[in-house]
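The structure appears right after this line, and notes come after that.
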Amino acid sequence: MLGIIKKILMQFVENIDTDTCNMTEEECIQIVDILKTITAPYISKYEACQMLGVSRATFDNLVREGKLPRGEKRKGFKELAWKKNDITKFATNANKK
C-alpha cells in the first residue's frame, strides 16, 4: 500500500517539477488536507505506553476511565492510534500532580 502511495506522490512531484500539473487550486487544497490527515502525528498504543511508562493494561484503564481519549481508527491501518499531542498533554498534567 505504501509503495502505491509513494509512486503516486512521486508522479505528482514530477508533474509539479516539469510544470505539467493540470490541477486546480481546489484539487491541490484537497490533496494537502488529505496529506495532513495521513501525516498527522499519531502513535500506536505501544508507543503511548512507552511515553507514559505504563503497561498496556494500565493504559486501557486510563482510556476506560476517560482520562485518555479513545484511539482512532485510521484508514488503511488495522490498529487504533492516538494523537501524540493528547498523550503528551496527559503526561505533562500527570507530572504536575
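So you can find residues: chains in the C-alpha cells are A, B, ... in the order shown, residues in each start at 1, and ligands are numbered from 1 in order.
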Report as number ranges by chain all protein, DNA and RNA residues lying within 9 Å of Pro69 (chain A), evaluated on only C-alpha atoms, omitting residues in the same chain fewer than 5 positions from it.
A: 62-64, 82-83, 86-87
Please identify all polymer residues within 12 Å of Pro41 (chain A), counting only C-alpha atoms, omitting same-chain residues fewer than 2 positions from it, and present them as a ChimeraX atom specification.
/A:35-39,43-44,47-48,81-88
Could you dump the residues just selected with C-alpha atoms as a compact mmCIF listing (two decimals), in the first residue's frame?
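Listing of out.txt after writing:
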# COMPACT_ATOMS: atom_id res chain seq x y z
CA LEU A 35 -1.79 14.59 3.36
CA LYS A 36 -2.19 16.47 6.66
CA THR A 37 -4.55 13.75 7.85
CA ILE A 38 -2.23 10.97 6.76
CA THR A 39 0.89 12.52 8.26
CA ILE A 43 1.31 6.95 17.68
CA SER A 44 0.47 3.35 18.47
CA GLU A 47 4.45 3.97 21.72
CA ALA A 48 1.94 5.69 24.01
CA ALA A 81 -3.82 5.23 17.01
CA TRP A 82 -3.63 8.13 19.44
CA LYS A 83 -2.69 11.72 18.79
CA LYS A 84 0.76 12.28 20.18
CA ASN A 85 -0.36 15.70 21.47
CA ASP A 86 -3.06 14.08 23.65
CA ILE A 87 -0.57 11.66 25.20
CA THR A 88 1.97 14.43 25.77
Residues of chain A classed as strand (DSSP E or B) by DSSP on the backbone are to be reported as a PyMOL selection string.
chain A and resi 42-43+72-73+80-83
For the residues selected in the previous step, produce a file with N, CA and C atoms as a compact mmCIF listing (two decimals), in the first residue's frame.
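The result, written out as again.txt:
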# COMPACT_ATOMS: atom_id res chain seq x y z
N TYR A 42 0.39 10.67 14.83
CA TYR A 42 -0.29 9.64 15.59
C TYR A 42 0.72 8.61 16.06
N ILE A 43 0.42 7.99 17.17
CA ILE A 43 1.31 6.95 17.68
C ILE A 43 0.47 5.73 18.05
N GLU A 72 -8.15 6.21 17.70
CA GLU A 72 -8.88 6.46 16.45
C GLU A 72 -8.51 5.40 15.42
N LYS A 73 -9.52 4.94 14.70
CA LYS A 73 -9.28 4.02 13.58
C LYS A 73 -8.89 4.88 12.39
N LEU A 80 -5.65 0.81 16.34
CA LEU A 80 -6.03 2.16 16.73
C LEU A 80 -4.78 3.01 16.91
N ALA A 81 -4.94 4.31 16.81
CA ALA A 81 -3.82 5.23 17.01
C ALA A 81 -4.28 6.39 17.88
N TRP A 82 -3.34 6.99 18.57
CA TRP A 82 -3.63 8.13 19.44
C TRP A 82 -2.83 9.33 18.97
N LYS A 83 -3.42 10.51 19.13
CA LYS A 83 -2.69 11.72 18.79
C LYS A 83 -1.58 11.91 19.82
Here is a test: counting only C-alpha atoms, which residue of A:Ile34, A:Val13, A:Ala94, A:Cys21 is nearest to Gly53 (chain A)?
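That would be A:Ala94, the residue with the smallest distance to Gly53 (chain A).
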